[in-house]
>>> print(open('upload32.tsv').read())   # TSV, C-alpha atoms and all ligand atoms
chain	number	residue	atom	x	y	z
F	1391	MET	CA	-24.27	-24.45	-10.13
F	1392	LYS	CA	-20.66	-25.62	-9.89
F	1393	ASN	CA	-18.02	-23.64	-8.01
F	1394	ALA	CA	-20.41	-20.88	-6.96
F	1395	ASN	CA	-21.07	-19.87	-3.38
F	1396	LEU	CA	-24.00	-17.78	-2.19
F	1397	TYR	CA	-23.58	-15.71	0.98
F	1398	ILE	CA	-26.54	-14.11	2.73
F	1399	ASN	CA	-27.41	-12.19	5.89
F	1400	CYS	CA	-24.75	-9.48	5.90
F	1401	ALA	CA	-24.32	-5.71	5.61
F	1402	LEU	CA	-22.26	-5.14	2.49
F	1403	ALA	CA	-19.90	-2.16	2.41
F	1404	THR	CA	-19.30	-2.45	-1.32
F	1405	MET	CA	-17.11	0.73	-1.39
F	1406	THR	CA	-18.37	1.45	-4.90
F	1407	ALA	CA	-18.65	5.15	-5.68
F	1408	GLY	CA	-22.26	6.29	-5.49
F	1409	THR	CA	-24.72	8.12	-3.38
F	1410	LYS	CA	-24.82	5.78	-0.38
F	1411	PRO	CA	-22.02	6.11	2.18
F	1412	TYR	CA	-19.71	3.07	1.98
F	1413	GLY	CA	-21.82	1.84	-0.95
F	1414	LEU	CA	-23.80	0.11	1.80
F	1415	ILE	CA	-26.36	-2.62	1.09
F	1416	GLU	CA	-28.08	-3.31	4.42
F	1417	ASP	CA	-29.52	-6.80	3.96
F	1418	GLY	CA	-27.07	-7.92	1.33
F	1419	ALA	CA	-26.14	-11.11	-0.46
F	1420	PHE	CA	-23.45	-12.04	-2.96
F	1421	VAL	CA	-22.28	-14.93	-5.10
F	1422	THR	CA	-18.62	-15.80	-5.65
F	1423	GLY	CA	-17.26	-17.96	-8.43
F	1424	GLU	CA	-13.85	-19.57	-8.72
F	1425	GLU	CA	-12.02	-16.25	-8.76
F	1426	ARG	CA	-14.50	-13.45	-9.11
F	1427	ILE	CA	-17.69	-12.04	-7.71
F	1428	LEU	CA	-20.58	-13.19	-9.87
F	1429	TRP	CA	-23.38	-11.18	-8.33
F	1430	VAL	CA	-23.95	-8.60	-5.54
F	1431	GLY	CA	-27.19	-7.07	-4.32
F	1432	ALA	CA	-30.01	-7.03	-1.80
F	1433	ARG	CA	-31.02	-10.42	-0.45
F	1434	ALA	CA	-34.52	-9.79	-1.76
F	1435	ASN	CA	-33.18	-9.63	-5.32
F	1436	ILE	CA	-31.15	-12.84	-5.64
F	1437	PRO	CA	-31.39	-13.81	-9.33
F	1438	LYS	CA	-33.23	-17.00	-10.27
F	1439	GLU	CA	-30.07	-18.76	-11.46
F	1440	TYR	CA	-28.59	-18.64	-7.94
F	1441	GLU	CA	-31.75	-19.46	-6.01
F	1442	SER	CA	-30.96	-23.17	-5.90
F	1443	LEU	CA	-27.66	-22.50	-4.07
F	1444	GLU	CA	-27.74	-23.04	-0.36
F	1445	GLY	CA	-27.02	-19.61	1.13
F	1446	GLN	CA	-24.32	-19.46	3.79
F	1447	SER	CA	-25.38	-17.05	6.52
F	1448	LEU	CA	-22.79	-14.50	7.62
F	1449	GLY	CA	-24.73	-13.86	10.83
F	1450	GLY	CA	-25.54	-10.24	10.09
F	1451	ARG	CA	-21.86	-9.27	9.98
F	1452	VAL	CA	-20.33	-6.38	8.03
F	1453	VAL	CA	-18.52	-7.42	4.82
F	1454	THR	CA	-15.98	-5.18	3.07
F	1455	PRO	CA	-13.56	-5.75	0.23
F	1456	ALA	CA	-10.34	-7.26	1.60
F	1457	LEU	CA	-8.09	-4.38	2.66
F	1458	ILE	CA	-5.11	-3.23	0.59
F	1459	ASP	CA	-1.84	-1.87	2.00
F	1460	CYS	CA	-0.57	0.04	-1.04
F	1461	HIS	CA	2.76	1.35	0.35
F	1462	THR	CA	5.11	-0.80	2.43
F	1463	HIS	CA	8.80	-1.52	2.85
F	1464	LEU	CA	7.93	-4.79	4.58
F	1465	VAL	CA	11.11	-6.68	3.71
F	1466	PHE	CA	14.15	-5.47	5.64
F	1467	GLY	CA	16.87	-6.71	7.98
F	1468	GLY	CA	17.11	-5.76	11.65
F	1469	ASN	CA	15.42	-2.72	13.11
F	1470	ARG	CA	16.20	0.86	14.11
F	1471	ALA	CA	14.97	1.02	17.69
F	1472	GLY	CA	18.26	2.73	18.53
F	1473	GLU	CA	17.39	5.65	16.24
F	1474	PHE	CA	13.94	5.77	17.76
F	1475	ALA	CA	15.65	6.36	21.09
F	1476	LEU	CA	17.94	9.02	19.53
F	1477	ARG	CA	14.94	10.84	18.09
F	1478	ALA	CA	13.30	10.76	21.50
F	1479	GLY	CA	16.41	12.63	22.64
F	1480	GLY	CA	15.87	15.33	20.02
F	1481	ALA	CA	17.81	14.15	16.90
F	1482	SER	CA	15.90	14.57	13.63
F	1483	TYR	CA	15.30	11.91	10.94
F	1484	ALA	CA	17.34	13.91	8.40
F	1485	GLU	CA	20.24	14.46	10.84
F	1486	ILE	CA	20.43	10.73	11.57
F	1487	ALA	CA	20.32	9.96	7.83
F	1488	ARG	CA	23.11	12.46	7.06
F	1489	ALA	CA	25.24	10.91	9.79
F	1490	GLY	CA	25.11	7.57	7.97
F	1491	GLY	CA	22.25	6.07	9.96
F	1492	GLY	CA	18.73	5.94	8.64
F	1493	ILE	CA	18.11	3.99	5.44
F	1494	LEU	CA	21.81	3.10	5.10
F	1495	SER	CA	21.90	1.32	8.45
F	1496	THR	CA	19.01	-0.88	7.32
F	1497	VAL	CA	20.86	-1.46	4.04
F	1498	LYS	CA	23.78	-2.90	6.01
F	1499	ALA	CA	21.51	-5.24	7.96
F	1500	THR	CA	19.54	-6.26	4.86
F	1501	ARG	CA	22.64	-7.06	2.82
F	1502	ALA	CA	24.04	-9.13	5.67
F	1503	ALA	CA	20.87	-11.20	6.12
F	1504	SER	CA	20.20	-14.44	4.24
F	1505	GLU	CA	17.05	-14.90	2.23
F	1506	ASP	CA	15.60	-17.17	4.91
F	1507	GLU	CA	16.39	-14.65	7.63
F	1508	LEU	CA	14.68	-11.85	5.72
F	1509	ILE	CA	11.63	-14.04	5.14
F	1510	GLY	CA	11.57	-15.01	8.81
F	1511	GLN	CA	11.69	-11.37	9.86
F	1512	ALA	CA	9.07	-10.22	7.35
F	1513	LEU	CA	6.48	-12.94	8.03
F	1514	PRO	CA	5.27	-11.66	11.43
F	1515	ARG	CA	4.68	-8.23	9.89
F	1516	LEU	CA	2.85	-9.77	6.95
F	1517	ASP	CA	0.80	-12.00	9.25
F	1518	ALA	CA	-0.19	-8.98	11.34
F	1519	LEU	CA	-1.58	-7.33	8.20
F	1520	ILE	CA	-3.37	-10.50	7.09
F	1521	ALA	CA	-4.97	-10.80	10.54
F	1522	GLU	CA	-6.56	-7.42	9.81
F	1523	GLY	CA	-8.18	-8.56	6.59
F	1524	VAL	CA	-5.44	-7.31	4.25
F	1525	ALA	CA	-5.12	-9.44	1.10
F	1526	VAL	CA	-3.14	-7.17	-1.25
F	1527	ILE	CA	0.20	-5.73	-0.15
F	1528	GLU	CA	2.66	-3.61	-2.07
F	1529	ILE	CA	6.29	-4.26	-1.12
F	1530	LYS	CA	9.19	-2.09	-2.24
F	1531	SER	CA	12.84	-2.90	-2.64
F	1532	GLY	CA	15.25	-0.17	-1.51
F	1533	TYR	CA	17.35	-1.67	1.27
F	1534	GLY	CA	19.82	-3.50	-0.98
F	1535	LEU	CA	21.11	-0.72	-3.24
F	1536	THR	CA	23.06	-3.14	-5.43
F	1537	ILE	CA	21.44	-4.77	-8.44
F	1538	GLU	CA	21.70	-8.24	-6.90
F	1539	SER	CA	20.41	-7.31	-3.47
F	1540	GLU	CA	17.53	-5.23	-4.83
F	1541	ILE	CA	16.51	-8.21	-6.98
F	1542	LYS	CA	16.85	-10.45	-3.92
F	1543	MET	CA	14.38	-8.23	-2.05
F	1544	LEU	CA	11.78	-8.42	-4.80
F	1545	LYS	CA	12.13	-12.20	-5.07
F	1546	ILE	CA	11.56	-12.46	-1.33
F	1547	ALA	CA	8.51	-10.20	-1.63
F	1548	ARG	CA	7.01	-12.49	-4.26
F	1549	LYS	CA	7.81	-15.55	-2.17
F	1550	LEU	CA	5.96	-14.08	0.80
F	1551	GLY	CA	2.84	-13.93	-1.34
F	1552	ASP	CA	3.19	-17.60	-2.28
F	1553	LEU	CA	3.75	-18.58	1.33
F	1554	ARG	CA	0.64	-16.82	2.61
F	1555	GLY	CA	-1.75	-16.84	-0.37
F	1556	VAL	CA	-2.03	-13.06	-0.65
F	1557	LYS	CA	-1.41	-10.81	-3.64
F	1558	ILE	CA	1.94	-9.02	-3.52
F	1559	VAL	CA	2.64	-6.07	-5.79
F	1560	THR	CA	6.37	-5.37	-6.17
F	1561	THR	CA	7.98	-1.95	-6.62
F	1562	TRP	CA	11.55	-1.17	-7.73
F	1563	LEU	CA	12.86	1.42	-5.25
F	1564	ALA	CA	16.60	1.29	-5.86
F	1565	ALA	CA	16.40	5.12	-5.89
F	1566	HIS	CA	15.80	5.08	-2.13
F	1567	ALA	CA	19.27	6.29	-1.08
F	1568	VAL	CA	22.69	6.50	-2.73
F	1569	ALA	CA	24.54	3.23	-2.06
F	1570	PRO	CA	27.61	3.67	0.19
F	1571	GLU	CA	29.84	2.54	-2.72
F	1572	TYR	CA	28.61	5.53	-4.73
F	1573	LYS	CA	28.86	8.17	-1.99
F	1574	GLY	CA	29.00	11.60	-3.66
F	1575	CYS	CA	28.23	10.04	-7.08
F	1576	ALA	CA	24.45	9.96	-7.14
F	1577	ASP	CA	24.27	10.33	-10.92
F	1578	ALA	CA	26.49	7.33	-11.54
F	1579	TYR	CA	24.42	5.36	-9.00
F	1580	ILE	CA	21.26	6.25	-10.90
F	1581	ASP	CA	22.76	5.03	-14.20
F	1582	GLU	CA	24.65	1.97	-13.05
F	1583	VAL	CA	22.37	0.56	-10.37
F	1584	VAL	CA	18.90	2.14	-10.50
F	1585	ILE	CA	18.42	2.17	-14.28
F	1586	ALA	CA	20.61	-0.82	-15.24
F	1587	GLY	CA	19.13	-2.87	-12.39
F	1588	LEU	CA	15.58	-1.92	-13.36
F	1589	GLU	CA	16.15	-3.36	-16.80
F	1590	ARG	CA	17.47	-6.60	-15.28
F	1591	ALA	CA	14.73	-6.93	-12.67
F	1592	HIS	CA	12.06	-6.18	-15.27
F	1593	GLY	CA	13.57	-8.84	-17.52
F	1594	LEU	CA	13.08	-11.30	-14.65
F	1595	GLY	CA	9.42	-10.28	-14.37
F	1596	LEU	CA	9.91	-8.92	-10.87
F	1597	VAL	CA	8.76	-5.32	-11.22
F	1598	ASP	CA	5.17	-4.06	-11.11
F	1599	ALA	CA	6.04	-0.36	-10.65
F	1600	VAL	CA	8.97	2.04	-10.20
F	1601	ASP	CA	9.38	4.40	-7.24
F	1602	GLY	CA	11.99	6.80	-5.82
F	1603	PHE	CA	12.68	9.00	-2.82
F	1604	CYS	CA	12.61	12.56	-4.16
F	1605	GLU	CA	14.05	14.67	-1.36
F	1606	THR	CA	17.07	16.73	-0.30
F	1607	ILE	CA	18.35	13.60	1.45
F	1608	GLY	CA	17.25	11.43	-1.49
F	1609	PHE	CA	17.20	12.19	-5.23
F	1610	SER	CA	16.45	15.36	-7.17
F	1611	PRO	CA	13.49	15.66	-9.55
F	1612	SER	CA	15.86	15.62	-12.55
F	1613	GLN	CA	17.49	12.40	-11.32
F	1614	MET	CA	14.07	10.86	-10.81
F	1615	GLU	CA	13.00	11.98	-14.26
F	1616	ARG	CA	15.79	9.89	-15.80
F	1617	VAL	CA	14.48	6.86	-13.92
F	1618	PHE	CA	10.90	7.60	-14.98
F	1619	LYS	CA	11.97	7.86	-18.63
F	1620	LYS	CA	13.45	4.37	-18.43
F	1621	ALA	CA	10.31	3.06	-16.72
F	1622	LYS	CA	8.20	4.46	-19.55
F	1623	VAL	CA	10.41	2.81	-22.18
F	1624	LEU	CA	9.90	-0.50	-20.36
F	1625	GLY	CA	6.14	0.12	-20.11
F	1626	LEU	CA	6.17	0.24	-16.31
F	1627	PRO	CA	4.02	2.57	-14.20
F	1628	VAL	CA	5.74	4.99	-11.81
F	1629	LYS	CA	5.08	6.42	-8.36
F	1630	LEU	CA	7.08	8.66	-6.04
F	1631	HIS	CA	7.89	9.42	-2.40
F	1632	ALA	CA	7.21	13.11	-2.80
F	1633	GLU	CA	7.13	16.18	-0.58
F	1634	GLN	CA	7.64	14.22	2.66
F	1635	LEU	CA	10.14	16.66	4.20
F	1636	SER	CA	10.26	19.56	1.71
F	1637	ASP	CA	8.54	20.76	-1.46
F	1638	GLN	CA	10.66	19.51	-4.37
F	1639	LYS	CA	7.76	19.53	-6.87
F	1640	GLY	CA	8.24	15.78	-7.06
F	1641	ALA	CA	4.50	15.11	-7.19
F	1642	VAL	CA	4.11	17.47	-10.15
F	1643	LEU	CA	6.88	15.55	-11.93
F	1644	ALA	CA	5.18	12.25	-11.04
F	1645	ALA	CA	1.88	13.52	-12.46
F	1646	LYS	CA	3.68	14.53	-15.68
F	1647	TYR	CA	4.65	10.86	-16.06
F	1648	GLY	CA	1.09	9.70	-15.34
F	1649	ALA	CA	2.14	8.23	-12.00
F	1650	LEU	CA	-0.14	5.79	-10.25
F	1651	SER	CA	0.50	7.62	-6.98
F	1652	ALA	CA	2.38	10.37	-5.20
F	1653	ASP	CA	3.06	9.35	-1.62
F	1654	HIS	CA	3.51	11.29	1.68
F	1655	LEU	CA	2.77	14.86	0.44
F	1656	GLU	CA	3.10	16.72	3.75
F	1657	TYR	CA	4.89	19.60	1.97
F	1658	PHE	CA	2.82	19.36	-1.22
F	1659	GLY	CA	1.47	22.75	-2.30
F	1660	ALA	CA	-2.31	23.05	-2.32
F	1661	ALA	CA	-2.11	24.86	-5.66
F	1662	ASP	CA	-0.53	21.77	-7.26
F	1663	ALA	CA	-3.45	19.44	-6.49
F	1664	ALA	CA	-4.89	20.01	-9.97
F	1665	HIS	CA	-1.84	18.28	-11.48
F	1666	LEU	CA	-2.64	15.07	-9.60
F	1667	ALA	CA	-6.34	15.28	-10.45
F	1668	LYS	CA	-5.65	15.77	-14.15
F	1669	ALA	CA	-3.25	12.82	-14.31
F	1670	GLY	CA	-5.47	10.56	-12.19
F	1671	THR	CA	-2.55	10.21	-9.77
F	1672	VAL	CA	-3.67	8.94	-6.36
F	1673	SER	CA	-2.38	10.71	-3.25
F	1674	VAL	CA	-1.14	8.10	-0.75
F	1675	LEU	CA	-1.30	9.39	2.82
F	1676	LEU	CA	1.07	7.83	5.32
F	1677	PRO	CA	0.08	8.94	8.81
F	1678	GLY	CA	2.40	6.38	10.45
F	1679	ALA	CA	5.45	8.31	9.20
F	1680	PHE	CA	3.88	11.66	10.09
F	1681	TYR	CA	3.23	10.37	13.60
F	1682	THR	CA	6.59	8.67	14.11
F	1683	LEU	CA	8.61	11.67	12.88
F	1684	LYS	CA	6.41	14.03	14.92
F	1685	GLU	CA	5.72	16.06	11.79
F	1686	THR	CA	3.60	19.15	12.18
F	1687	ARG	CA	3.01	20.04	8.54
F	1688	LEU	CA	-0.16	18.40	7.21
F	1689	PRO	CA	-0.80	17.20	3.66
F	1690	PRO	CA	-3.25	19.67	2.02
F	1691	ILE	CA	-6.26	17.40	2.49
F	1692	ASP	CA	-8.89	20.06	1.71
F	1693	ALA	CA	-7.17	20.94	-1.57
F	1694	LEU	CA	-6.88	17.25	-2.53
F	1695	ARG	CA	-10.56	16.75	-1.74
F	1696	ALA	CA	-11.62	19.87	-3.61
F	1697	ALA	CA	-9.62	18.87	-6.69
F	1698	GLY	CA	-11.13	15.37	-6.63
F	1699	VAL	CA	-7.81	13.60	-6.05
F	1700	ASP	CA	-8.26	10.04	-4.77
F	1701	MET	CA	-6.78	9.59	-1.30
F	1702	ALA	CA	-5.32	6.24	-0.26
F	1703	VAL	CA	-4.03	5.35	3.22
F	1704	ALA	CA	-1.16	2.93	3.87
F	1705	THR	CA	1.16	1.82	6.67
F	1706	ASP	CA	4.51	2.71	5.01
F	1707	CYS	CA	5.72	-0.20	7.19
F	1708	ASN	CA	9.48	0.34	7.49
F	1709	PRO	CA	12.07	0.26	10.27
F	1710	GLY	CA	12.84	3.99	10.28
F	1711	SER	CA	9.95	6.37	9.79
F	1712	SER	CA	6.99	4.04	10.30
F	1713	PRO	CA	7.47	0.80	12.26
F	1714	LEU	CA	3.77	0.10	11.79
F	1715	SER	CA	2.23	-3.17	10.68
F	1716	SER	CA	-1.40	-2.32	11.42
F	1717	LEU	CA	-3.42	-0.93	8.53
F	1718	LEU	CA	-6.42	-0.42	10.81
F	1719	MET	CA	-4.24	1.77	13.03
F	1720	ALA	CA	-3.13	3.72	9.94
F	1721	MET	CA	-6.84	4.31	9.19
F	1722	ASN	CA	-7.40	5.55	12.72
F	1723	MET	CA	-4.34	7.83	12.44
F	1724	ALA	CA	-5.54	9.16	9.06
F	1725	GLY	CA	-8.64	10.35	10.86
F	1726	HIS	CA	-6.93	11.67	13.94
F	1727	CYS	CA	-3.84	13.25	12.30
F	1728	PHE	CA	-5.18	14.25	8.86
F	1729	GLY	CA	-8.91	14.71	9.41
F	1730	LEU	CA	-10.13	11.98	7.09
F	1731	THR	CA	-13.65	10.77	7.80
F	1732	PRO	CA	-14.00	7.07	8.70
F	1733	GLU	CA	-15.48	6.52	5.25
F	1734	GLU	CA	-12.54	8.27	3.55
F	1735	SER	CA	-10.13	6.14	5.60
F	1736	LEU	CA	-11.85	2.95	4.45
F	1737	ILE	CA	-11.97	4.15	0.84
F	1738	GLY	CA	-8.26	4.80	1.34
F	1739	THR	CA	-7.51	1.18	2.13
F	1740	THR	CA	-9.89	-0.31	-0.44
F	1741	ARG	CA	-11.01	1.44	-3.64
F	1742	ALA	CA	-8.38	4.20	-3.70
F	1743	ALA	CA	-5.57	1.84	-2.61
F	1744	ALA	CA	-6.43	-0.42	-5.55
F	1745	LEU	CA	-6.16	2.58	-7.90
F	1746	ALA	CA	-2.74	3.43	-6.42
F	1747	LEU	CA	-1.58	-0.03	-7.49
F	1748	GLY	CA	-3.19	0.01	-10.93
F	1749	LEU	CA	-5.74	-2.56	-9.74
F	1750	GLY	CA	-8.84	-0.38	-9.88
F	1751	GLY	CA	-12.03	-2.36	-10.48
F	1752	GLU	CA	-10.21	-5.64	-9.76
F	1753	TYR	CA	-9.70	-5.22	-6.02
F	1754	GLY	CA	-10.98	-2.86	-3.36
F	1755	ILE	CA	-14.66	-2.92	-4.31
F	1756	ILE	CA	-17.43	-5.48	-4.07
F	1757	THR	CA	-18.97	-5.55	-7.49
F	1758	LYS	CA	-19.72	-8.06	-10.22
F	1759	GLY	CA	-16.49	-9.03	-11.97
F	1760	ALA	CA	-14.11	-7.93	-9.19
F	1761	ARG	CA	-11.89	-10.49	-7.47
F	1762	ALA	CA	-13.61	-12.43	-4.73
F	1763	GLU	CA	-11.38	-11.11	-1.94
F	1764	LEU	CA	-13.48	-10.02	1.00
F	1765	ALA	CA	-13.29	-9.51	4.75
F	1766	VAL	CA	-16.05	-10.35	7.24
F	1767	TRP	CA	-15.97	-8.20	10.39
F	1768	ASN	CA	-17.42	-8.58	13.85
F	1769	ILE	CA	-18.66	-4.98	14.00
F	1770	ASN	CA	-22.01	-3.25	13.60
F	1771	HIS	CA	-21.02	-0.54	11.13
F	1772	PRO	CA	-18.06	-0.05	8.76
F	1773	CYS	CA	-17.09	3.21	10.49
F	1774	GLU	CA	-15.85	1.07	13.41
F	1775	LEU	CA	-12.86	-0.01	11.32
F	1776	ALA	CA	-11.27	3.43	11.74
F	1777	TYR	CA	-12.50	3.75	15.32
F	1778	TRP	CA	-10.96	0.96	17.38
F	1779	MET	CA	-7.30	1.20	18.32
F	1780	GLY	CA	-5.62	-2.17	18.77
F	1781	GLY	CA	-7.07	-5.62	18.21
F	1782	SER	CA	-8.63	-6.80	15.01
F	1783	PRO	CA	-12.37	-7.31	14.63
F	1784	LEU	CA	-11.77	-9.56	11.59
F	1785	GLU	CA	-14.00	-12.60	11.75
F	1786	ARG	CA	-12.83	-14.29	8.59
F	1787	ARG	CA	-11.55	-13.75	5.10
F	1788	ILE	CA	-13.31	-14.94	1.99
F	1789	THR	CA	-10.76	-15.42	-0.76
F	1790	ALA	CA	-10.80	-16.42	-4.39
F	1791	ARG	CA	-8.96	-19.57	-3.44
F	1792	SER	CA	-10.76	-20.83	-0.34
F	1793	ILE	CA	-12.48	-19.72	2.80
F	1794	THR	CA	-10.16	-19.41	5.77
F	1795	PRO	CA	-11.15	-19.08	9.40
M	1	LIG	O1	8.61	6.02	3.17
M	1	LIG	N1	11.13	8.16	2.83
M	1	LIG	C1	11.74	7.18	2.47
M	1	LIG	N2	11.43	5.94	2.76
M	1	LIG	C2	10.74	5.51	3.89
M	1	LIG	C3	11.59	5.51	5.09
M	1	LIG	C4	12.66	4.53	4.98
M	1	LIG	C5	13.52	4.36	6.19
M	1	LIG	O2	13.68	5.28	7.01
M	1	LIG	O3	14.08	3.26	6.31
M	1	LIG	C6	9.43	6.23	4.04
M	1	LIG	O4	9.17	6.97	4.98
M	2	FE	FE	7.82	4.75	2.04
>>> encode(input="upload32.tsv", output="structure tokens")
Amino acid sequence: MKNANLYINCALATMTAGTKPYGLIEDGAFVTGEERILWVGARANIPKEYESLEGQSLGGRVVTPALIDCHTHLVFGGNRAGEFALRAGGASYAEIARAGGGILSTVKATRAASEDELIGQALPRLDALIAEGVAVIEIKSGYGLTIESEIKMLKIARKLGDLRGVKIVTTWLAAHAVAPEYKGCADAYIDEVVIAGLERAHGLGLVDAVDGFCETIGFSPSQMERVFKKAKVLGLPVKLHAEQLSDQKGAVLAAKYGALSADHLEYFGAADAAHLAKAGTVSVLLPGAFYTLKETRLPPIDALRAAGVDMAVATDCNPGSSPLSSLLMAMNMAGHCFGLTPEESLIGTTRAAALALGLGGEYGIITKGARAELAVWNINHPCELAYWMGGSPLERRITARSITP
């Protein structure tokens, strides 16, 4: 059989929904084709058509779908270690933002940086994720705040994917903060930059989804609704930074627009969980921001669970609220800070993360027909992925394109 590879001797955490935790197949085997998984099952059941293939032993290792970081701001100029020090001295994230620091200080650094500089600064963060078995990464704009610089960010995001052979999903986040040129004129900024720029960026094929920062220090639900209406006209899915610092009912608005995800949710009301469940909107939990900002208010995990809302986990990698480029650490934090089980944390960076990007069934599960993007781990059980802190037990990636050490 041409272009097919048979792998044997592994424990397969397929992450498919079912009765077995992790969708585990103890003595598993699988066959990959040029791009997709052709067959998955117990080694004892390898179909006749693949029997002639020479099986490559994975040495009894654990195999999972390649991990997915479904919420990052990975492309940015400079850093905000100075604000980190200020916060250690008692200043709050919102105070720093109101004083002109925060997102706007990264905007200054991002605008000033050349494309090559931004790529050079982003690559180590991307490589850190890849070294942890991550093969799909969402990257948002939001540190340019002019049409040209927002487009520049998304082009760089796409280029990073080409440079490293990983899938990049791009999100238009011009509604991240009001650009300094529009200070006090948020509505004009929404019309002239966020909405006009979205049309341009979409025309260039650079936008996979549309996001915004719905918050007292960001944009109001009615401003976000205008952006969402434009996204719908263009046929683009939406998502929202919602209820991170206060309850604006942003997630309810997002659900009304059939959002792929509502992200953060610390101040989300338990009674609103049904809105997300009904719309199939994934809750994206970002423990790195919760930890960094020393938040004390927890997302209503029990209510999300009870309502059957999918829970994803991501790094939120950004220079202000979450200078984190370890998805495994985010999984550990999701357990420690939010009470997710190790299995929920791994679902959060595989199956649920794929749903949050509109890639359900394609990525994040090991099943016939899904993309052949897998991670082989030097561990004894998949629960170890949320257990270790620091270091990566990744042994190798198996990708649709080739096998890399
Ligand atoms: O997801 N909340 C808004 N955006 C980011 C923080 C961005 C920044 O501080 O630079 C977040 O936490
Ligand atoms: Fe974010």
>>> atom_distance(input="upload32.tsv", atom1="CA of Leu1655 (chain F)", atom2="CA of Ala1481 (chain F)")
22.3 Å
>>> residues_around(input="upload32.tsv", residues="Gly1751 (chain F)", least_positions_apart="4", cutoff="12 Å", atoms="only C-alpha atoms", output="compact mmCIF listing (two decimals) with C-alpha atoms, keeping the file's coordinate frame")
# COMPACT_ATOMS: atom_id res chain seq x y z
CA THR F 1404 -19.30 -2.45 -1.32
CA MET F 1405 -17.11 0.73 -1.39
CA THR F 1406 -18.37 1.45 -4.90
CA ALA F 1407 -18.65 5.15 -5.68
CA ARG F 1426 -14.50 -13.45 -9.11
CA ILE F 1427 -17.69 -12.04 -7.71
CA PRO F 1455 -13.56 -5.75 0.23
CA THR F 1740 -9.89 -0.31 -0.44
CA ARG F 1741 -11.01 1.44 -3.64
CA ALA F 1742 -8.38 4.20 -3.70
CA ALA F 1743 -5.57 1.84 -2.61
CA ALA F 1744 -6.43 -0.42 -5.55
CA LEU F 1745 -6.16 2.58 -7.90
CA ALA F 1746 -2.74 3.43 -6.42
CA LEU F 1747 -1.58 -0.03 -7.49
CA ILE F 1755 -14.66 -2.92 -4.31
CA ILE F 1756 -17.43 -5.48 -4.07
CA THR F 1757 -18.97 -5.55 -7.49
CA LYS F 1758 -19.72 -8.06 -10.22
CA GLY F 1759 -16.49 -9.03 -11.97
CA ALA F 1760 -14.11 -7.93 -9.19
CA ARG F 1761 -11.89 -10.49 -7.47
CA ALA F 1762 -13.61 -12.43 -4.73
>>> residues_around(input="upload32.tsv", residues="Ala1645 (chain F)", least_positions_apart="6", cutoff="12 Å", atoms="only C-alpha atoms", output="compact mmCIF listing (two decimals) with C-alpha atoms, keeping the file's coordinate frame")
# COMPACT_ATOMS: atom_id res chain seq x y z
CA GLU F 1615 13.00 11.98 -14.26
CA PHE F 1618 10.90 7.60 -14.98
CA PRO F 1627 4.02 2.57 -14.20
CA VAL F 1628 5.74 4.99 -11.81
CA LYS F 1629 5.08 6.42 -8.36
CA LEU F 1630 7.08 8.66 -6.04
CA ALA F 1632 7.21 13.11 -2.80
CA LYS F 1639 7.76 19.53 -6.87
CA SER F 1651 0.50 7.62 -6.98
CA ALA F 1652 2.38 10.37 -5.20
CA ASP F 1653 3.06 9.35 -1.62
CA ASP F 1662 -0.53 21.77 -7.26
CA ALA F 1663 -3.45 19.44 -6.49
CA ALA F 1664 -4.89 20.01 -9.97
CA HIS F 1665 -1.84 18.28 -11.48
CA LEU F 1666 -2.64 15.07 -9.60
CA ALA F 1667 -6.34 15.28 -10.45
CA LYS F 1668 -5.65 15.77 -14.15
CA ALA F 1669 -3.25 12.82 -14.31
CA GLY F 1670 -5.47 10.56 -12.19
CA THR F 1671 -2.55 10.21 -9.77
CA VAL F 1672 -3.67 8.94 -6.36
CA SER F 1673 -2.38 10.71 -3.25
CA VAL F 1699 -7.81 13.60 -6.05
>>> closest_residue(input="upload32.tsv", among="F:Ile1585, F:Phe1658, F:Val1524, F:Ser1735", to="Glu1774 (chain F)", atoms="only C-alpha atoms")
F:Ser1735
>>> residues_near_ligand(input="upload32.tsv", ligand="ligand LIG 1 (chain M)", cutoff="6 Å", atoms="all atoms listed in the file", output="JSON, numbers by chain")
{"F": [1492, 1493, 1603, 1679, 1706, 1708, 1709, 1710, 1711]}
>>> write_last_selection(input="upload32.tsv", atoms="C-alpha atoms", output="CSV table (one decimal), in the coordinates of the input")
chain,number,residue,atom,x,y,z
F,1492,GLY,CA,18.7,5.9,8.6
F,1493,ILE,CA,18.1,4.0,5.4
F,1603,PHE,CA,12.7,9.0,-2.8
F,1679,ALA,CA,5.4,8.3,9.2
F,1706,ASP,CA,4.5,2.7,5.0
F,1708,ASN,CA,9.5,0.3,7.5
F,1709,PRO,CA,12.1,0.3,10.3
F,1710,GLY,CA,12.8,4.0,10.3
F,1711,SER,CA,10.0,6.4,9.8
>>> closest_residue(input="upload32.tsv", among="F:Arg1787, F:Gly1648, F:Met1721, F:Ile1607", to="Ala1489 (chain F)", atoms="all atoms listed in the file")
F:Ile1607
>>> residues_around(input="upload32.tsv", residues="Ala1521 (chain F)", least_positions_apart="2", cutoff="12 Å", atoms="all atoms listed in the file", output="PyMOL selection string")
chain F and resi 1456-1457+1513-1519+1523-1525+1554+1556+1715-1718+1765-1767+1780-1787+1794-1795
>>> residues_around(input="upload32.tsv", residues="Gln1446 (chain F)", least_positions_apart="2", cutoff="8 Å", atoms="all atoms listed in the file", output="list in words")
Asn1395, Leu1396, Tyr1397, Ile1398, Glu1444 and Leu1448 of chain F
>>> residues_near_ligand(input="upload32.tsv", ligand="ligand FE 2 (chain M)", cutoff="7 Å", atoms="only C-alpha atoms and all ligand atoms", output="count of residues only")
5
